[in-house]
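Structure record follows, encoded as structure tokens.
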Amino acid sequence: METSKAESASISATAGQSVPELRGAEILVKALQAENVKFIWGYPGGAVLHIYDALFKQETMQHVLVRHEQAAVHAADGFARATGEVGVALVTSGPGLTNAVTGIATAYMDSIPMVIISGQVPTAAIGLDAFQECDTVGITRPIVKHNFLVKDARDMAEVMKKAFHIARSGRPGPVVVDVPKDVSFNKTPFPGYPETVHMRSYNPVRKGHSGQIRKALQLLLTAKRPYIYTGGGVLLGNASHELRTLVDMLGFPCTNTLMGLGAYPATDPKFLGMLGMHGTLEANNAMQNCDVLLAVGARFDDRVIGNPKHFAQVERKIIHVDIDPSSISKRVKVDVPIVGDVKDVLQELIAMLKESSAKPDQQNLSSWWSMIESWRARDCMKYDNTNTDVIKPQRVIETLWELTKDADAYITSDVGQHQMWAAQYYKFNEPRRWINSGGLGTMGVGIPYAMGIKLAKPDSEVFCVTGEGSVQMCIQELSTCLQYNTPIKILALNNRYLGMVRQWQEIEYSGRYSHSYMDALPDFVKLAEAYGHVGILVERPEDVEPALREARRLKDRTVFLDIRTDPAENVFPMVRAGKGITEMIMGAEDL
């Protein structure tokens with residue numbers, strides 16, 4: 001039975017009717033319904049049992065019982081990344097909350113809109129070291145956009161309204177709502193869920209300054225070596241269409257960060273590939289040698305520009321568009337700051353460009369493109385694929401791309417070498433199709449992300465690219481996949497090492513492989529089967545494509561592909577820590 005947003009939200013007092021009295025937990029559920037929440041990922045415990053009882057009595061939302069609270073937050077996070085909606089997780093007090101901290105921090109670093117509801121001991125017991133008590137507000141303060149402790153059931157509706165508003169507006173982020181057990185139990189009059197919210201201290205800017213946008217346009221039109229650098233903010237701001245329009249109108253080269261892949265089509269010749277520590281030669285060289293840089297929804301982080309002093313050696317004009325004023329000139333001094341919603345700013349920039357009679361200098365642009373093509377001609381993504389005795393991980397990703405490039409597919413990853421290979425070799429042409437942990441670099445997110453996406457997008461194909469190290473951090477969620485029928489496909493690039501750790505130990509620590517070898521691995525095929533899924537072992541290069549085809553054929557089953565890849569393969573290009581982005585290691589020959 002579907003309950004409309006109006007019906008679920010507007011239990012309001014009318015003439016001749018008394019205001020209903022509801023428990024705090026029931027008001028919380030009404031708030032979630034009013035926010036049109038369809039899925040909640042969680043794990044019950046004593047402090048949240050009143051909330052779970054209220055959930056039991058409704059039929060508009062599906063609760064997904066995970067096997068670990070960390071996975072609850074990751075799954076809600078993956079759902080939010082793929083859909084743009086606010087993800088919701090529910091955990092109990094004490095260890096429930098502390099288990100969720102990694103997921104909260106992951107979402108915070110990547111600016112993902114989420115509301116995490118945590119149980120708390122009764123208000124009278126707070127501060128007395130009660131059973132399963134922890135200082136939720138204090139613990140989560142550094143890793144949330146905001147948090148609330150609900151001290152009275154009368155405040156529940158307003159707090160939830162504020163939580164969702166804060167989570168989804170401005171620069172998005174996670175918001176924690178901590179609910180003591182007595183607050184969820186106590187009754188209070190409920191005149192209805194607020195239709196609007198007013199917060200005097202929180203008014204994020206949406207519209208960019210027109211004068212600054214005009215300055216930006218003038219710089220772009222007079223540039224000799226222009227470059228457009230975009231990050232996850234373009235995806236979060238749903239501005240991919242505007243970015244594509246602008247790039248195509250100007251004819252400028254474009255790059256995406258790891259978090260921005262898909263904002264501009266990877267198969268378009270104007271796309272130079274991902275930039276940064278494992279970016280392409282052409283993307284990094286263009287970043288360093290451009291004379292006008294338009295940065296949109298990106299933050300010049302250490303994995304993108306490397307050493308800031310090296311980056312500052314070349315004089316260039318920088319335009320920086322971001323919804324968050326604190327991100328502008330944080331690591332790199334910029335010349336034209338524009339604070340505003342990236343979609344609105346790009347729309348205004350496009351409108352000004354259409355009105356302008358000025359055009360980019362085609363001769364200068366042609367010379368710039370010639371330089372870029374000379375870098376591109378070096379083919380920095382080539383790898384040795386002549387050894388037919390071993391599976392190259394890059395080839396696995398290329399094969400996955402070839403098989404799914406025309407499909408409605410989402411790719412999640414864990415963190416490590418496999419993540420970089422997926423980013424480098426899968427050509428993301430659409431936004432919100434590449435779901436990974438960028439800022440925090442959290443191992444274990446891949447399967448929960450995929451679960452969250454598959455529930456939201458049941459008709460889409462969802463692939464989790466992982467490694468034998470990362471996948472074991474949340475592998476218990478294979479049980480959740482079975483219970484809730486989320487048939488995902490897991491590609492474990494199994495090189496029997498913590499691959500990225502091993503790579504750094506090889507390059508920076510003279511091959512001293514301290515605790516990076518996985519010498520007690522499970523039989524992943526049998527493990528997948530024990531969880532009720534399909535397991536496939538892939539050991540020969542010629543078996544990669546047939547195995548992927550078989551996994552796709554089994555549309556209604558979760559399939560775990562244990563793909564034994566070359567244990568010595570490294571991710572190149574690579575920029576070493578402390579180096580500039582053009583000081584790249586192109587391959588083993590540079591070591």
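How things are named: the first chain in the structure tokens is A, the next is B, and so on; residues count from 1 in each chain; ligands count from 1 in the order shown.
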
With only C-alpha atoms counted and 10 Å as the cut-off, give the residues of region 239-312 of chain A in contact with region 433-447 of chain A, each with its shortest interatomic distance in Å and the pair that gives it, as a tab-separated table.
```
residue	atom	partner	partner_atom	distance
A:Thr257	CA	A:Gly438	CA	9.5
A:Leu258	CA	A:Gly438	CA	6.9
A:Met259	CA	A:Gly438	CA	6.2
A:Gly260	CA	A:Trp434	CA	8.7
A:Leu261	CA	A:Trp434	CA	6.8
A:Gly262	CA	A:Arg433	CA	7.0
A:Ala263	CA	A:Arg433	CA	9.7
A:Asp301	CA	A:Gly439	CA	9.1
A:Arg303	CA	A:Gly439	CA	9.3
```

Export N, CA, C and O atoms of the chosen residues as a compact mmCIF listing (two decimals), in the first residue's frame?
```txt
# COMPACT_ATOMS: atom_id res chain seq x y z
N THR A 257 38.52 14.51 -12.29
CA THR A 257 39.18 13.83 -11.18
C THR A 257 38.61 12.42 -11.06
O THR A 257 37.64 12.06 -11.73
N LEU A 258 39.18 11.65 -10.15
CA LEU A 258 38.66 10.31 -9.85
C LEU A 258 37.18 10.37 -9.50
O LEU A 258 36.39 9.53 -9.94
N MET A 259 36.79 11.38 -8.70
CA MET A 259 35.40 11.50 -8.27
C MET A 259 34.50 12.11 -9.33
O MET A 259 33.28 12.08 -9.19
N GLY A 260 35.08 12.68 -10.37
CA GLY A 260 34.29 13.35 -11.39
C GLY A 260 34.10 12.56 -12.66
O GLY A 260 33.47 13.05 -13.62
N LEU A 261 34.63 11.33 -12.72
CA LEU A 261 34.55 10.56 -13.95
C LEU A 261 33.10 10.34 -14.37
O LEU A 261 32.25 10.00 -13.55
N GLY A 262 32.85 10.55 -15.65
CA GLY A 262 31.50 10.44 -16.19
C GLY A 262 30.83 11.77 -16.38
O GLY A 262 29.82 11.88 -17.08
N ALA A 263 31.37 12.82 -15.77
CA ALA A 263 30.79 14.15 -15.94
C ALA A 263 30.93 14.60 -17.39
O ALA A 263 30.05 15.28 -17.93
N ASP A 301 43.11 18.76 -4.55
CA ASP A 301 43.63 17.99 -3.43
C ASP A 301 44.98 17.37 -3.78
O ASP A 301 45.46 17.44 -4.91
N ARG A 303 46.09 14.40 -4.19
CA ARG A 303 46.16 13.34 -5.19
C ARG A 303 45.98 13.89 -6.62
O ARG A 303 46.20 13.16 -7.58
```

Would you mind listing what lies within 7 Å of Met574 (chain A) as a ChimeraX atom specification, with only C-alpha atoms counted and same-chain residues fewer than 6 positions away left out? /A:277-278,584-586

Output file for the selection above: N, CA, C and O atoms, as an mmCIF file, in the first residue's frame:
```
data_model
loop_
_atom_site.group_PDB
_atom_site.id
_atom_site.type_symbol
_atom_site.label_atom_id
_atom_site.label_comp_id
_atom_site.auth_asym_id
_atom_site.auth_seq_id
_atom_site.Cartn_x
_atom_site.Cartn_y
_atom_site.Cartn_z
ATOM 1 N N MET A 277 47.535 11.531 -9.439
ATOM 2 C CA MET A 277 48.582 10.570 -9.085
ATOM 3 C C MET A 277 48.667 9.418 -10.074
ATOM 4 O O MET A 277 49.761 8.940 -10.399
ATOM 5 N N HIS A 278 47.520 8.934 -10.547
ATOM 6 C CA HIS A 278 47.512 7.856 -11.540
ATOM 7 C C HIS A 278 46.779 8.302 -12.806
ATOM 8 O O HIS A 278 46.134 7.500 -13.487
ATOM 9 N N MET A 584 56.310 12.137 -13.460
ATOM 10 C CA MET A 584 55.576 10.879 -13.482
ATOM 11 C C MET A 584 56.477 9.684 -13.767
ATOM 12 O O MET A 584 57.417 9.773 -14.564
ATOM 13 N N ILE A 585 56.160 8.582 -13.112
ATOM 14 C CA ILE A 585 56.761 7.298 -13.454
ATOM 15 C C ILE A 585 55.834 6.641 -14.471
ATOM 16 O O ILE A 585 54.676 6.363 -14.170
ATOM 17 N N MET A 586 56.357 6.431 -15.682
ATOM 18 C CA MET A 586 55.510 5.901 -16.749
ATOM 19 C C MET A 586 55.453 4.374 -16.759
ATOM 20 O O MET A 586 54.528 3.782 -17.307
#
```

In region 417-518 of chain A, what's helix (DSSP H, G or I) per DSSP? Answer as a ChimeraX atom specification? /A:417-425,446-456,470-473,475-483,499-508

Could you take the residues named above and write them with N, CA and C atoms, as a CSV table (one decimal), in the first residue's frame?
```
chain,number,residue,atom,x,y,z
A,417,GLN,N,44.7,-1.0,-6.1
A,417,GLN,CA,45.1,-1.1,-7.5
A,417,GLN,C,43.9,-1.3,-8.4
A,418,HIS,N,43.0,-2.2,-8.0
A,418,HIS,CA,41.9,-2.5,-8.8
A,418,HIS,C,41.0,-1.2,-9.0
A,419,GLN,N,40.9,-0.4,-8.1
A,419,GLN,CA,40.2,0.9,-8.2
A,419,GLN,C,40.8,1.8,-9.3
A,420,MET,N,42.1,1.9,-9.2
A,420,MET,CA,42.8,2.7,-10.2
A,420,MET,C,42.7,2.2,-11.6
A,421,TRP,N,42.8,0.8,-11.7
A,421,TRP,CA,42.6,0.2,-13.1
A,421,TRP,C,41.2,0.4,-13.6
A,422,ALA,N,40.2,0.3,-12.7
A,422,ALA,CA,38.8,0.5,-13.2
A,422,ALA,C,38.7,2.0,-13.6
A,423,ALA,N,39.2,2.9,-12.9
A,423,ALA,CA,39.1,4.3,-13.3
A,423,ALA,C,39.9,4.6,-14.6
A,424,GLN,N,41.0,3.9,-14.8
A,424,GLN,CA,41.8,4.2,-16.0
A,424,GLN,C,41.2,3.6,-17.2
A,425,TYR,N,40.7,2.4,-17.1
A,425,TYR,CA,40.4,1.6,-18.3
A,425,TYR,C,38.9,1.4,-18.6
A,446,GLY,N,32.8,-1.7,-1.7
A,446,GLY,CA,32.4,-2.1,-3.0
A,446,GLY,C,31.1,-2.9,-3.0
A,447,ILE,N,31.0,-4.0,-2.1
A,447,ILE,CA,29.7,-4.8,-2.1
A,447,ILE,C,28.6,-4.0,-1.5
A,448,PRO,N,28.7,-3.3,-0.4
A,448,PRO,CA,27.6,-2.4,0.1
A,448,PRO,C,27.1,-1.4,-0.9
A,449,TYR,N,28.1,-0.7,-1.6
A,449,TYR,CA,27.7,0.3,-2.6
A,449,TYR,C,26.8,-0.4,-3.7
A,450,ALA,N,27.3,-1.6,-4.1
A,450,ALA,CA,26.6,-2.3,-5.2
A,450,ALA,C,25.2,-2.7,-4.7
A,451,MET,N,25.1,-3.1,-3.5
A,451,MET,CA,23.7,-3.5,-2.9
A,451,MET,C,22.8,-2.3,-2.9
A,452,GLY,N,23.3,-1.2,-2.5
A,452,GLY,CA,22.4,0.0,-2.4
A,452,GLY,C,22.0,0.4,-3.8
A,453,ILE,N,22.9,0.3,-4.8
A,453,ILE,CA,22.5,0.7,-6.1
A,453,ILE,C,21.5,-0.2,-6.7
A,454,LYS,N,21.7,-1.5,-6.5
A,454,LYS,CA,20.9,-2.5,-7.1
A,454,LYS,C,19.4,-2.4,-6.6
A,455,LEU,N,19.3,-2.1,-5.3
A,455,LEU,CA,17.9,-1.9,-4.8
A,455,LEU,C,17.3,-0.6,-5.5
A,456,ALA,N,18.1,0.4,-5.7
A,456,ALA,CA,17.5,1.6,-6.3
A,456,ALA,C,17.3,1.4,-7.8
A,470,SER,N,40.4,-6.0,-0.1
A,470,SER,CA,39.2,-5.2,0.2
A,470,SER,C,37.9,-6.0,0.4
A,471,VAL,N,37.7,-7.0,-0.4
A,471,VAL,CA,36.4,-7.6,-0.4
A,471,VAL,C,36.1,-8.3,0.9
A,472,GLN,N,37.2,-8.7,1.6
A,472,GLN,CA,36.9,-9.4,2.9
A,472,GLN,C,36.5,-8.5,4.0
A,473,MET,N,36.6,-7.2,3.8
A,473,MET,CA,36.2,-6.3,4.9
A,473,MET,C,34.7,-6.2,5.1
A,475,ILE,N,32.6,-8.7,3.4
A,475,ILE,CA,32.1,-9.8,2.7
A,475,ILE,C,30.9,-10.5,3.3
A,476,GLN,N,30.6,-10.2,4.6
A,476,GLN,CA,29.4,-10.8,5.2
A,476,GLN,C,28.2,-10.3,4.5
A,477,GLU,N,28.3,-9.2,3.8
A,477,GLU,CA,27.1,-8.6,3.1
A,477,GLU,C,26.6,-9.5,2.0
A,478,LEU,N,27.4,-10.5,1.6
A,478,LEU,CA,26.8,-11.5,0.7
A,478,LEU,C,25.6,-12.1,1.2
A,479,SER,N,25.4,-12.2,2.5
A,479,SER,CA,24.2,-12.7,3.1
A,479,SER,C,23.1,-11.7,2.9
A,480,THR,N,23.3,-10.4,3.0
A,480,THR,CA,22.3,-9.4,2.7
A,480,THR,C,21.9,-9.5,1.2
A,481,CYS,N,22.8,-9.7,0.3
A,481,CYS,CA,22.5,-9.8,-1.1
A,481,CYS,C,21.5,-10.9,-1.4
A,482,LEU,N,21.7,-12.0,-0.6
A,482,LEU,CA,20.7,-13.1,-0.8
A,482,LEU,C,19.4,-12.8,-0.3
A,483,GLN,N,19.3,-12.3,0.9
A,483,GLN,CA,18.1,-12.0,1.6
A,483,GLN,C,17.2,-11.0,0.8
A,499,GLY,N,47.7,-5.1,-3.1
A,499,GLY,CA,48.4,-4.6,-4.2
A,499,GLY,C,49.0,-3.3,-4.2
A,500,MET,N,48.2,-2.3,-3.7
A,500,MET,CA,48.8,-0.9,-3.7
A,500,MET,C,49.8,-0.8,-2.6
A,501,VAL,N,49.6,-1.5,-1.5
A,501,VAL,CA,50.7,-1.5,-0.5
A,501,VAL,C,51.9,-2.1,-1.0
A,502,ARG,N,51.8,-3.3,-1.7
A,502,ARG,CA,53.0,-3.9,-2.3
A,502,ARG,C,53.7,-3.0,-3.3
A,503,GLN,N,52.9,-2.3,-4.1
A,503,GLN,CA,53.5,-1.4,-5.1
A,503,GLN,C,54.3,-0.4,-4.5
A,504,TRP,N,53.8,0.3,-3.4
A,504,TRP,CA,54.6,1.3,-2.7
A,504,TRP,C,55.8,0.7,-2.0
A,505,GLN,N,55.6,-0.5,-1.5
A,505,GLN,CA,56.8,-1.1,-0.8
A,505,GLN,C,57.9,-1.5,-1.9
A,506,GLU,N,57.5,-1.8,-3.1
A,506,GLU,CA,58.4,-2.1,-4.1
A,506,GLU,C,59.2,-0.8,-4.5
A,507,ILE,N,58.5,0.3,-4.7
A,507,ILE,CA,59.0,1.5,-5.2
A,507,ILE,C,59.7,2.3,-4.1
A,508,GLU,N,59.1,2.4,-3.0
A,508,GLU,CA,59.6,3.3,-1.9
A,508,GLU,C,60.4,2.6,-0.8
```

Can you pull out every residue within 9 Å of Val336 (chain A), counting only C-alpha atoms, but drop anything in the same chain fewer than 3 positions away, and send it as a list in words? Gln212, Ile213, Lys215, Ala216, Lys317, Ile318, Ile319, His320 and Val321 of chain A

Pull the strand (DSSP E or B) assignments for region 26-85 of chain A out of DSSP run on the backbone, and list those residues as a PyMOL selection string. chain A and resi 39-42+62-65

Pick from A:Lys30, A:Lys330, A:Lys162, A:Lys270: nearest to Ile51 (chain A), with only C-alpha atoms counted?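 Nearest to Ile51 (chain A): A:Lys30.
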
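Using only C-alpha atoms, the protein and nucleic acid residues lying no more than 8 Å from region 241-249 of chain A, apart from those fewer than 3 places from it along its own chain, are Ile228, Val234, Asn238, Phe252, Pro253, Cys254, Ala263, Tyr264, Lys343, Leu346, Gln347 and Ile350 of chain A.
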
Got a sec: who's within 10 Å of Val390 (chain A), counting only C-alpha atoms, leaving out chain neighbours fewer than 5 positions off, as a list in words?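 Near Val390 (chain A), the qualifying residues are Asn385, Glu539, Arg540, Pro541, Glu542, Arg564, Thr565, Asp566 and Pro567 of chain A.
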
Write the residues of the preceding selection, restricted to N, CA, C and O atoms, as a PDB file, in the first residue's frame.
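To be explicit, this is the file written out as part-v2.pdb:
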```pdb
ATOM      1  N   ASN A 385      50.543  -6.873 -22.829  1.00  0.00           N
ATOM      2  CA  ASN A 385      49.463  -7.859 -22.920  1.00  0.00           C
ATOM      3  C   ASN A 385      49.883  -9.050 -23.776  1.00  0.00           C
ATOM      4  O   ASN A 385      49.054  -9.760 -24.322  1.00  0.00           O
ATOM      5  N   GLU A 539      41.350 -18.432 -14.222  1.00  0.00           N
ATOM      6  CA  GLU A 539      42.807 -18.494 -14.079  1.00  0.00           C
ATOM      7  C   GLU A 539      43.563 -18.258 -15.381  1.00  0.00           C
ATOM      8  O   GLU A 539      44.773 -18.056 -15.351  1.00  0.00           O
ATOM      9  N   ARG A 540      42.865 -18.270 -16.534  1.00  0.00           N
ATOM     10  CA  ARG A 540      43.554 -18.101 -17.819  1.00  0.00           C
ATOM     11  C   ARG A 540      42.989 -16.888 -18.559  1.00  0.00           C
ATOM     12  O   ARG A 540      41.781 -16.622 -18.494  1.00  0.00           O
ATOM     13  N   PRO A 541      43.850 -16.151 -19.266  1.00  0.00           N
ATOM     14  CA  PRO A 541      43.376 -14.958 -19.993  1.00  0.00           C
ATOM     15  C   PRO A 541      42.206 -15.258 -20.924  1.00  0.00           C
ATOM     16  O   PRO A 541      41.269 -14.453 -21.032  1.00  0.00           O
ATOM     17  N   GLU A 542      42.246 -16.414 -21.587  1.00  0.00           N
ATOM     18  CA  GLU A 542      41.190 -16.724 -22.556  1.00  0.00           C
ATOM     19  C   GLU A 542      39.840 -17.004 -21.897  1.00  0.00           C
ATOM     20  O   GLU A 542      38.807 -17.049 -22.582  1.00  0.00           O
ATOM     21  N   ARG A 564      42.278 -14.626 -11.056  1.00  0.00           N
ATOM     22  CA  ARG A 564      43.671 -14.675 -10.603  1.00  0.00           C
ATOM     23  C   ARG A 564      44.549 -13.852 -11.554  1.00  0.00           C
ATOM     24  O   ARG A 564      44.862 -14.291 -12.657  1.00  0.00           O
ATOM     25  N   THR A 565      44.923 -12.677 -11.116  1.00  0.00           N
ATOM     26  CA  THR A 565      45.662 -11.741 -11.964  1.00  0.00           C
ATOM     27  C   THR A 565      47.151 -11.746 -11.637  1.00  0.00           C
ATOM     28  O   THR A 565      47.588 -12.283 -10.618  1.00  0.00           O
ATOM     29  N   ASP A 566      47.915 -11.118 -12.507  1.00  0.00           N
ATOM     30  CA  ASP A 566      49.368 -11.019 -12.370  1.00  0.00           C
ATOM     31  C   ASP A 566      49.734 -10.357 -11.044  1.00  0.00           C
ATOM     32  O   ASP A 566      49.432  -9.184 -10.814  1.00  0.00           O
ATOM     33  N   PRO A 567      50.409 -11.074 -10.135  1.00  0.00           N
ATOM     34  CA  PRO A 567      50.716 -10.499  -8.818  1.00  0.00           C
ATOM     35  C   PRO A 567      51.772  -9.406  -8.856  1.00  0.00           C
ATOM     36  O   PRO A 567      51.910  -8.652  -7.888  1.00  0.00           O
TER      37      PRO A 567
END
```

Would you mind listing what lies within 8 Å of Gly297 (chain A) as a VMD selection string, with only C-alpha atoms counted and same-chain residues fewer than 5 positions away left out? chain A and resid 230 to 234 320 to 323 342

Serialized selection, all heavy atoms, as a compact mmCIF listing (two decimals), in the first residue's frame:
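Result file follows (selection-v6.txt):
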```txt
# COMPACT_ATOMS: atom_id res chain seq x y z
N THR A 230 37.46 19.36 -13.78
CA THR A 230 36.22 19.21 -13.02
C THR A 230 36.29 18.03 -12.07
O THR A 230 36.98 17.04 -12.32
CB THR A 230 35.01 19.02 -13.96
OG1 THR A 230 35.05 17.72 -14.53
CG2 THR A 230 35.00 20.06 -15.06
N GLY A 231 35.53 18.16 -10.96
CA GLY A 231 35.54 17.13 -9.94
C GLY A 231 34.15 16.63 -9.62
O GLY A 231 33.18 16.85 -10.35
N GLY A 232 34.05 15.99 -8.47
CA GLY A 232 32.79 15.39 -8.05
C GLY A 232 31.66 16.37 -7.87
O GLY A 232 30.49 15.99 -7.93
N GLY A 233 31.98 17.65 -7.67
CA GLY A 233 30.95 18.67 -7.50
C GLY A 233 30.05 18.81 -8.72
O GLY A 233 28.87 19.17 -8.58
N VAL A 234 30.57 18.51 -9.91
CA VAL A 234 29.74 18.56 -11.12
C VAL A 234 28.67 17.48 -11.07
O VAL A 234 27.51 17.71 -11.43
CB VAL A 234 30.61 18.43 -12.38
CG1 VAL A 234 29.74 18.33 -13.64
CG2 VAL A 234 31.57 19.61 -12.49
N HIS A 320 37.88 29.41 -10.18
CA HIS A 320 37.43 28.29 -9.35
C HIS A 320 35.96 28.47 -8.99
O HIS A 320 35.59 29.44 -8.33
CB HIS A 320 38.29 28.21 -8.07
CG HIS A 320 38.09 26.94 -7.31
ND1 HIS A 320 38.77 26.65 -6.14
CD2 HIS A 320 37.29 25.84 -7.54
CE1 HIS A 320 38.41 25.46 -5.70
NE2 HIS A 320 37.50 24.95 -6.52
N VAL A 321 35.14 27.53 -9.43
CA VAL A 321 33.70 27.53 -9.15
C VAL A 321 33.40 26.43 -8.14
O VAL A 321 33.71 25.26 -8.38
CB VAL A 321 32.88 27.28 -10.44
CG1 VAL A 321 31.38 27.35 -10.13
CG2 VAL A 321 33.26 28.27 -11.53
N ASP A 322 32.80 26.81 -7.00
CA ASP A 322 32.47 25.80 -5.99
C ASP A 322 31.36 26.33 -5.10
O ASP A 322 31.30 27.52 -4.81
CB ASP A 322 33.69 25.44 -5.14
CG ASP A 322 33.58 24.05 -4.52
OD1 ASP A 322 32.76 23.89 -3.59
OD2 ASP A 322 34.29 23.14 -4.97
N ILE A 323 30.49 25.43 -4.66
CA ILE A 323 29.40 25.80 -3.76
C ILE A 323 29.91 26.12 -2.36
O ILE A 323 29.27 26.83 -1.58
CB ILE A 323 28.35 24.66 -3.69
CG1 ILE A 323 27.07 25.09 -2.97
CG2 ILE A 323 28.93 23.43 -3.02
CD1 ILE A 323 26.14 25.89 -3.78
N VAL A 342 27.17 24.87 -8.96
CA VAL A 342 27.89 24.74 -10.23
C VAL A 342 26.94 24.71 -11.41
O VAL A 342 27.27 25.23 -12.49
CB VAL A 342 28.80 23.49 -10.22
CG1 VAL A 342 29.94 23.67 -9.23
CG2 VAL A 342 28.05 22.22 -9.93
```

Taking 5 positions as the minimum chain separation for residues in the same chain, which residues sit within 10 Å of Lys382 (chain A) when counting only C-alpha atoms? Answer as a ChimeraX atom specification. /A:394,572-573,586-587

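Going from CA of Asp543 (chain A) over to CA of Thr386 (chain A), you cover 15.7 Å.
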